[in-house]
2 protein chains.
Amino acid sequence: MQITRETDYAIRCVLYLVENPGKVIMVDSIAQDKDIPKSFLSKILQKLTRADIVSSFRGMKGGFKLSKNPDQISLLTVIEAIEGPVTINRCALDENICSLSNSCTVHPVWVALRGKLESWLSQHTFEGLTAKDK
Amino acid sequence: MQITRETDYAIRCVLYLVENPGKVIMVDSIAQDKDIPKSFLSKILQKLTRADIVSSFRGMKGGFKLSKNPDQISLLTVIEAIEGPVTINRCALDENICSLSNSCTVHPVWVALRGKLESWLSQHTFEGLTAKDK
DNA sequence: CATAAACGAGACTAATTTAGTCCTAATTAA
DNA sequence: TTAATTAGGACTAAATTAGTCTCGTTTATG
C-alpha cells in the first residue's frame, strides 16, 4: 500500500533540484543533502532521466538539472517514473490478473479509486511543494 | 502502492460471507468458491476473527460467519485488519522514520493523502459492494 | 591530447516481505 | 468416543526491495 524507499528518494531528489533552479548538480551533492546512498541515487537519477524529468550531463562539471518547470512535475509523474502505474489493487490495471474479475463487484471500486489517486497525486506539483512564502 | 494478495483474498472472503448471510461457513467452501489456497485462507480468517469482522465456531458444523452487518464493514476495515494502517508513505504514520521530516515540505501532503485514502476506503461498505439491484 | 571528474549500464548481492505450507493442538456435534 | 472443524506456531520458497560494484563512456581543462 506504500511507495517504496526508492520512490521516496526520487521525490527528495527532485525536491533538491527544484530548490536549486538552473544549476547542474552532482549525484554526490544530492546524496549528501538528502541522505540517500550515492550509488542507489545514481540508479534513481537514471530512471528520472529516462522519464525526462531531469537531464543529465556527463564528464567534468557534469550532473543533473530539471528538464521541466516544477509546475510540470507532479508527485504522480515521479512515482510513475520509478514504480510504473499507481493503483490500490492490481486488477484495476489488468482485469486478466484476477480469476473472478468479470463477476467481481469490487472491481469497479478499485478502478474508481485508482482514478481518484491519480488525480490527487497529479494535482500536487513541485511548484506547490516548495512554496516558500506563507 | 498496492494491497497484497492476502488482503485481496480477505476481501473476497468477506464478500462470500456477505453473500451467504447468517450461515456458518467452512474455510473449505470459501476457498473453493473464491479460488484461495485453503491453508492460507485459514490464516486470513484468523486475522479477521481477531479483528472481530467474523466470528468462528470450532468443532463439527463449525466455520465462520460475519460478526457485523455488512454496512458496518468497509474496505478500510478489512484492509487494516490484514495490513495495519493504510498510508502511501510511511512517514505519514511516524515522523521519526524520516531523517528529514521536520524540514520536509512533502510531509504534510502525505498526511493529507492518508486522510483521503482512509476516507475513500471507509465509504465503501460491503453493503454497497453487493447491491443486487441497481 | 592526456587525464581526472563526472554519469551510464548491467551484473550482482543481502535483507525483507509476501505467499504460502504443515503439523500439532483444542473444540465440539453427534 | 470420534470425526470434523478451527487455532496457533514453526517453517519454507519465491518475489521484491534496497542496495553495491565494476567497468565503460563522455567531456572540461591544463
# chains A, B, ... in the order shown; residues from 1 in each chain; ligands from 1
>>> residues_around(residues="segment 23-30 of chain C", least_positions_apart="2", cutoff="7 Å", atoms="only C-alpha atoms (C1' of nucleotides)", output="mmCIF file with N, CA, C and O atoms, in the first residue's frame")
data_model
loop_
_atom_site.group_PDB
_atom_site.id
_atom_site.type_symbol
_atom_site.label_atom_id
_atom_site.label_comp_id
_atom_site.auth_asym_id
_atom_site.auth_seq_id
_atom_site.Cartn_x
_atom_site.Cartn_y
_atom_site.Cartn_z
ATOM 1 N N ARG B 58 -15.753 -23.602 16.349
ATOM 2 C CA ARG B 58 -14.898 -24.772 16.188
ATOM 3 C C ARG B 58 -15.702 -26.053 16.266
ATOM 4 O O ARG B 58 -16.876 -26.046 16.635
ATOM 5 N N GLY B 59 -15.032 -27.150 15.922
ATOM 6 C CA GLY B 59 -15.660 -28.454 16.000
ATOM 7 C C GLY B 59 -16.570 -28.743 14.821
ATOM 8 O O GLY B 59 -16.664 -27.947 13.880
ATOM 9 N N MET B 60 -17.194 -29.882 14.852
ATOM 10 C CA MET B 60 -18.105 -30.253 13.760
ATOM 11 C C MET B 60 -19.151 -29.179 13.565
ATOM 12 O O MET B 60 -19.581 -28.561 14.538
#
>>> select_by_dssp(residues="segment 43-124 of chain B", states="alpha helix (DSSP H)", output="NGL selection string")
:B and (43-50 or 75-83 or 107-123)
>>> write_last_selection(atoms="N, CA, C and O atoms", output="tab-separated table (two decimals), in the first residue's frame")
chain	number	residue	atom	x	y	z
B	43	LYS	N	-5.39	-18.86	7.72
B	43	LYS	CA	-4.65	-17.81	8.43
B	43	LYS	C	-5.35	-16.47	8.36
B	43	LYS	O	-5.42	-15.71	9.31
B	44	ILE	N	-5.84	-16.18	7.17
B	44	ILE	CA	-6.51	-14.90	6.95
B	44	ILE	C	-7.76	-14.79	7.82
B	44	ILE	O	-8.02	-13.76	8.45
B	45	LEU	N	-8.51	-15.90	7.90
B	45	LEU	CA	-9.72	-15.89	8.72
B	45	LEU	C	-9.39	-15.71	10.20
B	45	LEU	O	-10.17	-15.13	10.95
B	46	GLN	N	-8.23	-16.17	10.60
B	46	GLN	CA	-7.82	-15.92	11.98
B	46	GLN	C	-7.66	-14.43	12.24
B	46	GLN	O	-8.09	-13.91	13.27
B	47	LYS	N	-7.04	-13.74	11.28
B	47	LYS	CA	-6.89	-12.29	11.44
B	47	LYS	C	-8.25	-11.59	11.46
B	47	LYS	O	-8.47	-10.67	12.24
B	48	LEU	N	-9.13	-12.03	10.56
B	48	LEU	CA	-10.45	-11.40	10.50
B	48	LEU	C	-11.22	-11.66	11.79
B	48	LEU	O	-12.00	-10.81	12.23
B	49	THR	N	-10.98	-12.81	12.38
B	49	THR	CA	-11.64	-13.13	13.64
B	49	THR	C	-11.13	-12.23	14.76
B	49	THR	O	-11.90	-11.66	15.52
B	50	ARG	N	-9.79	-12.10	14.83
B	50	ARG	CA	-9.21	-11.24	15.87
B	50	ARG	C	-9.68	-9.80	15.73
B	50	ARG	O	-9.82	-9.08	16.70
B	75	LEU	N	-14.14	-1.46	3.17
B	75	LEU	CA	-12.86	-1.90	2.62
B	75	LEU	C	-11.74	-1.54	3.59
B	75	LEU	O	-10.83	-2.33	3.84
B	76	LEU	N	-11.84	-0.34	4.17
B	76	LEU	CA	-10.81	0.07	5.13
B	76	LEU	C	-10.72	-0.89	6.31
B	76	LEU	O	-9.63	-1.29	6.73
B	77	THR	N	-11.88	-1.26	6.84
B	77	THR	CA	-11.91	-2.20	7.98
B	77	THR	C	-11.09	-3.45	7.67
B	77	THR	O	-10.26	-3.89	8.47
B	78	VAL	N	-11.35	-4.02	6.52
B	78	VAL	CA	-10.71	-5.28	6.16
B	78	VAL	C	-9.22	-5.08	5.86
B	78	VAL	O	-8.37	-5.84	6.34
B	79	ILE	N	-8.91	-4.05	5.12
B	79	ILE	CA	-7.50	-3.79	4.79
B	79	ILE	C	-6.69	-3.59	6.07
B	79	ILE	O	-5.62	-4.18	6.23
B	80	GLU	N	-7.22	-2.81	6.99
B	80	GLU	CA	-6.49	-2.57	8.23
B	80	GLU	C	-6.37	-3.82	9.08
B	80	GLU	O	-5.36	-4.02	9.77
B	81	ALA	N	-7.38	-4.66	9.03
B	81	ALA	CA	-7.32	-5.91	9.81
B	81	ALA	C	-6.16	-6.78	9.32
B	81	ALA	O	-5.52	-7.49	10.10
B	82	ILE	N	-5.88	-6.72	8.05
B	82	ILE	CA	-4.82	-7.58	7.49
B	82	ILE	C	-3.47	-6.88	7.48
B	82	ILE	O	-2.46	-7.45	7.87
B	83	GLU	N	-3.43	-5.64	7.04
B	83	GLU	CA	-2.16	-4.96	6.80
B	83	GLU	C	-1.79	-3.92	7.85
B	83	GLU	O	-0.70	-3.38	7.81
B	107	HIS	N	5.91	16.24	3.51
B	107	HIS	CA	5.29	15.51	4.62
B	107	HIS	C	3.81	15.81	4.83
B	107	HIS	O	2.99	14.89	4.91
B	108	PRO	N	3.43	17.09	4.89
B	108	PRO	CA	2.01	17.39	5.10
B	108	PRO	C	1.12	16.83	3.98
B	108	PRO	O	-0.05	16.52	4.22
B	109	VAL	N	1.70	16.72	2.80
B	109	VAL	CA	0.93	16.19	1.67
B	109	VAL	C	0.63	14.71	1.90
B	109	VAL	O	-0.47	14.22	1.65
B	110	TRP	N	1.61	13.98	2.40
B	110	TRP	CA	1.39	12.54	2.68
B	110	TRP	C	0.35	12.37	3.77
B	110	TRP	O	-0.49	11.47	3.70
B	111	VAL	N	0.42	13.23	4.76
B	111	VAL	CA	-0.56	13.14	5.84
B	111	VAL	C	-1.97	13.39	5.30
B	111	VAL	O	-2.91	12.65	5.61
B	112	ALA	N	-2.09	14.39	4.45
B	112	ALA	CA	-3.40	14.70	3.87
B	112	ALA	C	-3.90	13.55	3.00
B	112	ALA	O	-5.08	13.17	3.06
B	113	LEU	N	-3.00	12.99	2.23
B	113	LEU	CA	-3.39	11.90	1.34
B	113	LEU	C	-3.83	10.69	2.14
B	113	LEU	O	-4.78	9.99	1.79
B	114	ARG	N	-3.14	10.45	3.22
B	114	ARG	CA	-3.54	9.34	4.08
B	114	ARG	C	-4.98	9.51	4.54
B	114	ARG	O	-5.79	8.58	4.51
B	115	GLY	N	-5.32	10.74	4.92
B	115	GLY	CA	-6.69	11.04	5.33
B	115	GLY	C	-7.69	10.76	4.23
B	115	GLY	O	-8.72	10.13	4.44
B	116	LYS	N	-7.36	11.19	3.03
B	116	LYS	CA	-8.23	10.97	1.87
B	116	LYS	C	-8.43	9.48	1.62
B	116	LYS	O	-9.54	9.01	1.40
B	117	LEU	N	-7.34	8.77	1.64
B	117	LEU	CA	-7.38	7.33	1.39
B	117	LEU	C	-8.31	6.64	2.38
B	117	LEU	O	-9.19	5.86	2.00
B	118	GLU	N	-8.10	6.96	3.65
B	118	GLU	CA	-8.93	6.36	4.68
B	118	GLU	C	-10.39	6.69	4.45
B	118	GLU	O	-11.26	5.83	4.59
B	119	SER	N	-10.62	7.94	4.10
B	119	SER	CA	-12.00	8.34	3.89
B	119	SER	C	-12.61	7.64	2.67
B	119	SER	O	-13.73	7.11	2.73
B	120	TRP	N	-11.89	7.58	1.59
B	120	TRP	CA	-12.41	6.88	0.39
B	120	TRP	C	-12.73	5.43	0.69
B	120	TRP	O	-13.77	4.91	0.33
B	121	LEU	N	-11.76	4.77	1.37
B	121	LEU	CA	-11.91	3.33	1.59
B	121	LEU	C	-13.02	3.03	2.60
B	121	LEU	O	-13.67	1.98	2.50
B	122	SER	N	-13.25	3.95	3.53
B	122	SER	CA	-14.27	3.64	4.52
B	122	SER	C	-15.66	3.95	3.99
B	122	SER	O	-16.66	3.51	4.55
B	123	GLN	N	-15.72	4.70	2.90
B	123	GLN	CA	-17.03	4.98	2.31
B	123	GLN	C	-17.61	3.77	1.57
B	123	GLN	O	-18.80	3.70	1.32
>>> residues_around(residues="Arg90 of chain A", least_positions_apart="5", cutoff="12 Å", atoms="only C-alpha atoms (C1' of nucleotides)", output="tab-separated table (two decimals) with N, CA, C and O atoms, in the first residue's frame")
chain	number	residue	atom	x	y	z
A	1	MET	N	0.82	-1.21	0.00
A	1	MET	CA	0.00	0.00	0.00
A	1	MET	C	0.86	1.26	0.00
A	1	MET	O	0.38	2.38	-0.09
A	84	GLY	N	6.11	2.74	-12.10
A	84	GLY	CA	5.07	2.41	-13.07
A	84	GLY	C	3.71	2.86	-12.55
A	84	GLY	O	3.64	3.59	-11.56
A	85	PRO	N	2.64	2.42	-13.20
A	85	PRO	CA	1.29	2.91	-12.89
A	85	PRO	C	0.91	2.73	-11.43
A	85	PRO	O	1.26	1.71	-10.83
A	95	GLU	N	-7.50	-6.56	-15.85
A	95	GLU	CA	-8.55	-7.46	-15.37
A	95	GLU	C	-8.15	-8.92	-15.40
A	95	GLU	O	-8.58	-9.72	-14.57
A	96	ASN	N	-7.32	-9.27	-16.35
A	96	ASN	CA	-6.99	-10.68	-16.55
A	96	ASN	C	-6.23	-11.28	-15.38
A	96	ASN	O	-6.13	-12.49	-15.23
A	97	ILE	N	-5.66	-10.39	-14.56
A	97	ILE	CA	-4.91	-10.83	-13.41
A	97	ILE	C	-5.79	-11.63	-12.45
A	97	ILE	O	-5.34	-12.55	-11.79
A	98	CYS	N	-7.07	-11.27	-12.40
A	98	CYS	CA	-7.95	-11.86	-11.40
A	98	CYS	C	-8.86	-12.91	-12.01
A	98	CYS	O	-9.53	-12.68	-13.01
A	101	SER	N	-12.60	-11.68	-12.10
A	101	SER	CA	-12.86	-10.27	-12.38
A	101	SER	C	-14.23	-9.96	-13.01
A	101	SER	O	-14.84	-8.97	-12.66
A	107	HIS	N	-14.47	-4.85	-8.21
A	107	HIS	CA	-13.59	-4.36	-9.29
A	107	HIS	C	-13.83	-2.90	-9.69
A	107	HIS	O	-12.90	-2.11	-9.77
A	110	TRP	N	-12.18	-0.48	-7.31
A	110	TRP	CA	-10.73	-0.33	-7.46
A	110	TRP	C	-10.42	0.59	-8.63
A	110	TRP	O	-9.52	1.43	-8.55
A	111	VAL	N	-11.17	0.44	-9.70
A	111	VAL	CA	-10.94	1.30	-10.86
A	111	VAL	C	-11.21	2.76	-10.50
A	111	VAL	O	-10.42	3.65	-10.82
A	113	LEU	N	-11.13	4.13	-7.51
A	113	LEU	CA	-10.12	4.60	-6.57
A	113	LEU	C	-8.82	4.93	-7.27
A	113	LEU	O	-8.14	5.90	-6.93
A	114	ARG	N	-8.48	4.11	-8.23
A	114	ARG	CA	-7.27	4.38	-8.99
A	114	ARG	C	-7.36	5.77	-9.62
A	114	ARG	O	-6.41	6.54	-9.59
B	1	MET	N	2.67	0.25	-3.24
B	1	MET	CA	1.50	1.08	-3.57
B	1	MET	C	0.21	0.26	-3.62
B	1	MET	O	-0.89	0.79	-3.72
B	2	GLN	N	0.39	-1.06	-3.56
B	2	GLN	CA	-0.81	-1.89	-3.71
B	2	GLN	C	-1.12	-2.73	-2.48
B	2	GLN	O	-0.25	-2.99	-1.67
B	3	ILE	N	-2.37	-3.14	-2.38
B	3	ILE	CA	-2.71	-4.10	-1.34
B	3	ILE	C	-2.09	-5.44	-1.73
B	3	ILE	O	-1.83	-5.71	-2.91
B	4	THR	N	-1.83	-6.27	-0.74
B	4	THR	CA	-1.23	-7.57	-1.03
B	4	THR	C	-2.31	-8.57	-1.46
B	4	THR	O	-3.50	-8.32	-1.31
B	5	ARG	N	-1.86	-9.68	-1.95
B	5	ARG	CA	-2.78	-10.73	-2.35
B	5	ARG	C	-3.57	-11.21	-1.13
B	5	ARG	O	-4.76	-11.48	-1.22
B	7	THR	N	-4.59	-9.51	1.36
B	7	THR	CA	-5.69	-8.58	1.61
B	7	THR	C	-6.80	-8.75	0.58
B	7	THR	O	-7.98	-8.70	0.91
B	8	ASP	N	-6.40	-8.95	-0.66
B	8	ASP	CA	-7.39	-9.18	-1.70
B	8	ASP	C	-8.21	-10.43	-1.37
B	8	ASP	O	-9.44	-10.42	-1.47
>>> select_by_dssp(residues="chain A", states="strand (DSSP E or B)", output="list in words")
Ile25, Val54, Ser55, Ser56, Phe57, Gly63, Phe64, Lys65, Leu66, Ser74 and Thr125 of chain A
>>> residues_around(residues="segment 12-25 of chain A", least_positions_apart="5", cutoff="8 Å", atoms="only C-alpha atoms (C1' of nucleotides)", output="list in words")
Ile30, Lys34, Phe57, Lys61, Gly62, Gly63, Phe64, Lys65, Leu66, Pro70, Phe126 and Thr130 of chain A
>>> write_last_selection(atoms="N, CA, C and O atoms", output="short mmCIF file (atom, residue, chain, number, x, y, z; two decimals), in the first residue's frame")
data_model
loop_
_atom_site.label_atom_id
_atom_site.label_comp_id
_atom_site.auth_asym_id
_atom_site.auth_seq_id
_atom_site.Cartn_x
_atom_site.Cartn_y
_atom_site.Cartn_z
N ILE A 30 23.44 15.80 -4.02
CA ILE A 30 22.07 15.42 -3.67
C ILE A 30 22.09 14.34 -2.60
O ILE A 30 21.37 14.42 -1.60
N LYS A 34 20.33 15.05 0.92
CA LYS A 34 19.05 14.39 1.17
C LYS A 34 19.19 13.03 1.84
O LYS A 34 18.21 12.30 2.01
N PHE A 57 24.21 15.49 -17.56
CA PHE A 57 25.38 15.97 -18.28
C PHE A 57 26.58 15.17 -17.83
O PHE A 57 26.84 15.09 -16.63
N LYS A 61 32.31 18.60 -14.54
CA LYS A 61 31.25 19.61 -14.40
C LYS A 61 29.89 19.06 -14.81
O LYS A 61 28.97 19.82 -15.10
N GLY A 62 29.81 17.73 -14.86
CA GLY A 62 28.54 17.12 -15.20
C GLY A 62 27.61 17.10 -14.00
O GLY A 62 27.95 17.58 -12.92
N GLY A 63 26.46 16.51 -14.21
CA GLY A 63 25.47 16.42 -13.13
C GLY A 63 24.07 16.38 -13.70
O GLY A 63 23.86 15.93 -14.83
N PHE A 64 23.13 16.88 -12.92
CA PHE A 64 21.73 16.82 -13.32
C PHE A 64 21.04 18.15 -13.07
O PHE A 64 21.39 18.88 -12.14
N LYS A 65 20.06 18.43 -13.90
CA LYS A 65 19.13 19.52 -13.59
C LYS A 65 17.74 19.14 -14.06
O LYS A 65 17.58 18.21 -14.86
N LEU A 66 16.75 19.84 -13.57
CA LEU A 66 15.38 19.57 -14.01
C LEU A 66 15.24 19.83 -15.49
O LEU A 66 15.85 20.76 -16.02
N PRO A 70 8.98 23.19 -12.46
CA PRO A 70 8.42 22.47 -11.30
C PRO A 70 6.90 22.29 -11.39
O PRO A 70 6.38 21.30 -10.89
N PHE A 126 5.51 20.09 -7.98
CA PHE A 126 6.65 20.52 -7.19
C PHE A 126 6.73 22.03 -7.05
O PHE A 126 7.50 22.55 -6.25
N THR A 130 7.15 23.51 -2.80
CA THR A 130 8.26 24.26 -2.22
C THR A 130 7.92 25.72 -1.95
O THR A 130 8.80 26.50 -1.66
#
>>> atom_distance(atom1="atom CA of Ala31 of chain A", atom2="atom CA of Lys68 of chain A")
21.2 Å
>>> interface_residues(of="chain C", to="chain A", cutoff="10 Å", atoms="only C-alpha atoms (C1' of nucleotides)", output="list in words")
DA4, DA5, DA6, DC7, DG8 and DA9 of chain C
>>> write_last_selection(atoms="N, CA, C and O atoms (P, O5', C5', C4', C3', O3' and C1' of nucleotides)", output="PDB file, in the first residue's frame")
ATOM      1  P    DA C   4      44.974  11.733 -13.583  1.00  0.00           P
ATOM      2  O5'  DA C   4      43.911  12.498 -12.689  1.00  0.00           O
ATOM      3  C5'  DA C   4      43.797  13.916 -12.808  1.00  0.00           C
ATOM      4  C4'  DA C   4      42.335  14.319 -12.830  1.00  0.00           C
ATOM      5  C3'  DA C   4      41.471  13.546 -11.817  1.00  0.00           C
ATOM      6  O3'  DA C   4      40.570  14.484 -11.260  1.00  0.00           O
ATOM      7  C1'  DA C   4      40.530  13.331 -13.968  1.00  0.00           C
ATOM      8  P    DA C   5      39.816  14.143  -9.924  1.00  0.00           P
ATOM      9  O5'  DA C   5      38.345  14.577 -10.343  1.00  0.00           O
ATOM     10  C5'  DA C   5      38.160  15.801 -11.062  1.00  0.00           C
ATOM     11  C4'  DA C   5      36.832  15.749 -11.764  1.00  0.00           C
ATOM     12  C3'  DA C   5      35.700  15.187 -10.911  1.00  0.00           C
ATOM     13  O3'  DA C   5      34.562  16.032 -11.082  1.00  0.00           O
ATOM     14  C1'  DA C   5      35.830  14.012 -12.954  1.00  0.00           C
ATOM     15  P    DA C   6      33.418  16.032 -10.020  1.00  0.00           P
ATOM     16  O5'  DA C   6      32.681  14.685 -10.411  1.00  0.00           O
ATOM     17  C5'  DA C   6      31.298  14.667 -10.565  1.00  0.00           C
ATOM     18  C4'  DA C   6      30.938  14.391 -12.031  1.00  0.00           C
ATOM     19  C3'  DA C   6      29.882  13.296 -12.143  1.00  0.00           C
ATOM     20  O3'  DA C   6      28.607  13.906 -12.025  1.00  0.00           O
ATOM     21  C1'  DA C   6      31.591  13.043 -13.797  1.00  0.00           C
ATOM     22  P    DC C   7      27.415  12.934 -11.524  1.00  0.00           P
ATOM     23  O5'  DC C   7      27.029  12.137 -12.850  1.00  0.00           O
ATOM     24  C5'  DC C   7      26.418  12.845 -13.920  1.00  0.00           C
ATOM     25  C4'  DC C   7      26.360  11.957 -15.152  1.00  0.00           C
ATOM     26  C3'  DC C   7      25.308  10.845 -15.082  1.00  0.00           C
ATOM     27  O3'  DC C   7      24.659  10.733 -16.356  1.00  0.00           O
ATOM     28  C1'  DC C   7      27.421   9.903 -15.476  1.00  0.00           C
ATOM     29  P    DG C   8      23.608   9.570 -16.623  1.00  0.00           P
ATOM     30  O5'  DG C   8      24.512   8.375 -17.187  1.00  0.00           O
ATOM     31  C5'  DG C   8      24.951   8.389 -18.537  1.00  0.00           C
ATOM     32  C4'  DG C   8      24.935   6.979 -19.101  1.00  0.00           C
ATOM     33  C3'  DG C   8      23.681   6.161 -18.769  1.00  0.00           C
ATOM     34  O3'  DG C   8      23.390   5.365 -19.903  1.00  0.00           O
ATOM     35  C1'  DG C   8      25.598   5.113 -17.809  1.00  0.00           C
ATOM     36  P    DA C   9      22.069   4.454 -19.938  1.00  0.00           P
ATOM     37  O5'  DA C   9      22.657   2.992 -19.718  1.00  0.00           O
ATOM     38  C5'  DA C   9      23.951   2.663 -20.228  1.00  0.00           C
ATOM     39  C4'  DA C   9      24.276   1.228 -19.877  1.00  0.00           C
ATOM     40  C3'  DA C   9      23.059   0.369 -19.489  1.00  0.00           C
ATOM     41  O3'  DA C   9      23.208  -0.889 -20.098  1.00  0.00           O
ATOM     42  C1'  DA C   9      24.633   0.345 -17.742  1.00  0.00           C
TER      43       DA C   9
END
>>> interface_residues(of="chain D", to="chain A", cutoff="7 Å", atoms="only C-alpha atoms (C1' of nucleotides)", output="list in words")
DG19, DT26, DT27 and DA28 of chain D
>>> residues_around(residues="DT12 of chain D", least_positions_apart="3", cutoff="12 Å", atoms="only C-alpha atoms (C1' of nucleotides)", output="PDB file with all heavy atoms, in the first residue's frame")
ATOM      1  P    DA C  19       1.509 -11.245  -1.744  1.00  0.00           P
ATOM      2  OP1  DA C  19       1.212 -10.981  -3.158  1.00  0.00           O
ATOM      3  OP2  DA C  19       0.585 -10.761  -0.693  1.00  0.00           O
ATOM      4  O5'  DA C  19       1.704 -12.815  -1.567  1.00  0.00           O
ATOM      5  C5'  DA C  19       2.498 -13.525  -2.518  1.00  0.00           C
ATOM      6  C4'  DA C  19       2.535 -14.971  -2.129  1.00  0.00           C
ATOM      7  O4'  DA C  19       3.375 -15.142  -0.969  1.00  0.00           O
ATOM      8  C3'  DA C  19       1.162 -15.559  -1.739  1.00  0.00           C
ATOM      9  O3'  DA C  19       1.020 -16.846  -2.336  1.00  0.00           O
ATOM     10  C2'  DA C  19       1.249 -15.659  -0.230  1.00  0.00           C
ATOM     11  C1'  DA C  19       2.708 -16.015  -0.077  1.00  0.00           C
ATOM     12  N9   DA C  19       3.291 -15.839   1.246  1.00  0.00           N
ATOM     13  C8   DA C  19       3.010 -14.879   2.182  1.00  0.00           C
ATOM     14  N7   DA C  19       3.706 -14.999   3.289  1.00  0.00           N
ATOM     15  C5   DA C  19       4.508 -16.112   3.070  1.00  0.00           C
ATOM     16  C6   DA C  19       5.473 -16.772   3.844  1.00  0.00           C
ATOM     17  N6   DA C  19       5.809 -16.378   5.072  1.00  0.00           N
ATOM     18  N1   DA C  19       6.074 -17.853   3.311  1.00  0.00           N
ATOM     19  C2   DA C  19       5.737 -18.242   2.078  1.00  0.00           C
ATOM     20  N3   DA C  19       4.842 -17.701   1.250  1.00  0.00           N
ATOM     21  C4   DA C  19       4.266 -16.631   1.811  1.00  0.00           C
ATOM     22  P    DG C  20      -0.475 -17.417  -2.534  1.00  0.00           P
ATOM     23  OP1  DG C  20      -0.332 -18.595  -3.376  1.00  0.00           O
ATOM     24  OP2  DG C  20      -1.342 -16.336  -2.948  1.00  0.00           O
ATOM     25  O5'  DG C  20      -0.897 -17.786  -1.053  1.00  0.00           O
ATOM     26  C5'  DG C  20      -0.921 -19.047  -0.527  1.00  0.00           C
ATOM     27  C4'  DG C  20       0.436 -19.679  -0.295  1.00  0.00           C
ATOM     28  O4'  DG C  20       1.224 -18.854   0.572  1.00  0.00           O
ATOM     29  C3'  DG C  20       0.314 -20.990   0.440  1.00  0.00           C
ATOM     30  O3'  DG C  20       0.132 -22.043  -0.466  1.00  0.00           O
ATOM     31  C2'  DG C  20       1.667 -21.128   1.126  1.00  0.00           C
ATOM     32  C1'  DG C  20       2.161 -19.690   1.219  1.00  0.00           C
ATOM     33  N9   DG C  20       2.287 -19.218   2.611  1.00  0.00           N
ATOM     34  C8   DG C  20       1.613 -18.183   3.209  1.00  0.00           C
ATOM     35  N7   DG C  20       1.982 -17.965   4.441  1.00  0.00           N
ATOM     36  C5   DG C  20       2.953 -18.929   4.681  1.00  0.00           C
ATOM     37  C6   DG C  20       3.730 -19.190   5.839  1.00  0.00           C
ATOM     38  O6   DG C  20       3.704 -18.590   6.924  1.00  0.00           O
ATOM     39  N1   DG C  20       4.592 -20.246   5.654  1.00  0.00           N
ATOM     40  C2   DG C  20       4.701 -20.985   4.490  1.00  0.00           C
ATOM     41  N2   DG C  20       5.581 -21.976   4.498  1.00  0.00           N
ATOM     42  N3   DG C  20       4.005 -20.746   3.395  1.00  0.00           N
ATOM     43  C4   DG C  20       3.149 -19.703   3.564  1.00  0.00           C
ATOM     44  P    DT C  21      -0.603 -23.335   0.067  1.00  0.00           P
ATOM     45  OP1  DT C  21      -0.857 -24.192  -1.104  1.00  0.00           O
ATOM     46  OP2  DT C  21      -1.694 -22.939   0.974  1.00  0.00           O
ATOM     47  O5'  DT C  21       0.529 -24.027   0.977  1.00  0.00           O
ATOM     48  C5'  DT C  21       1.763 -24.405   0.386  1.00  0.00           C
ATOM     49  C4'  DT C  21       2.564 -25.194   1.419  1.00  0.00           C
ATOM     50  O4'  DT C  21       2.888 -24.332   2.542  1.00  0.00           O
ATOM     51  C3'  DT C  21       1.821 -26.406   1.997  1.00  0.00           C
ATOM     52  O3'  DT C  21       2.748 -27.491   1.990  1.00  0.00           O
ATOM     53  C2'  DT C  21       1.455 -25.974   3.416  1.00  0.00           C
ATOM     54  C1'  DT C  21       2.555 -24.991   3.757  1.00  0.00           C
ATOM     55  N1   DT C  21       2.180 -23.933   4.714  1.00  0.00           N
ATOM     56  C2   DT C  21       2.818 -23.868   5.925  1.00  0.00           C
ATOM     57  O2   DT C  21       3.680 -24.654   6.274  1.00  0.00           O
ATOM     58  N3   DT C  21       2.412 -22.843   6.738  1.00  0.00           N
ATOM     59  C4   DT C  21       1.457 -21.886   6.458  1.00  0.00           C
ATOM     60  O4   DT C  21       1.191 -21.010   7.264  1.00  0.00           O
ATOM     61  C5   DT C  21       0.819 -22.013   5.172  1.00  0.00           C
ATOM     62  C7   DT C  21      -0.224 -21.039   4.769  1.00  0.00           C
ATOM     63  C6   DT C  21       1.205 -23.016   4.371  1.00  0.00           C
ATOM     64  P    DC C  22       2.174 -29.003   2.263  1.00  0.00           P
ATOM     65  OP1  DC C  22       3.009 -29.874   1.403  1.00  0.00           O
ATOM     66  OP2  DC C  22       0.705 -29.016   2.151  1.00  0.00           O
ATOM     67  O5'  DC C  22       2.565 -29.261   3.792  1.00  0.00           O
ATOM     68  C5'  DC C  22       3.694 -28.589   4.337  1.00  0.00           C
ATOM     69  C4'  DC C  22       3.862 -28.985   5.796  1.00  0.00           C
ATOM     70  O4'  DC C  22       3.516 -27.859   6.642  1.00  0.00           O
ATOM     71  C3'  DC C  22       2.971 -30.140   6.251  1.00  0.00           C
ATOM     72  O3'  DC C  22       3.669 -30.893   7.226  1.00  0.00           O
ATOM     73  C2'  DC C  22       1.779 -29.420   6.862  1.00  0.00           C
ATOM     74  C1'  DC C  22       2.471 -28.230   7.528  1.00  0.00           C
ATOM     75  N1   DC C  22       1.594 -27.047   7.747  1.00  0.00           N
ATOM     76  C2   DC C  22       1.787 -26.234   8.869  1.00  0.00           C
ATOM     77  O2   DC C  22       2.689 -26.527   9.660  1.00  0.00           O
ATOM     78  N3   DC C  22       0.984 -25.174   9.047  1.00  0.00           N
ATOM     79  C4   DC C  22       0.025 -24.889   8.164  1.00  0.00           C
ATOM     80  N4   DC C  22      -0.727 -23.820   8.383  1.00  0.00           N
ATOM     81  C5   DC C  22      -0.183 -25.701   7.010  1.00  0.00           C
ATOM     82  C6   DC C  22       0.606 -26.761   6.836  1.00  0.00           C
TER      83       DC C  22
END
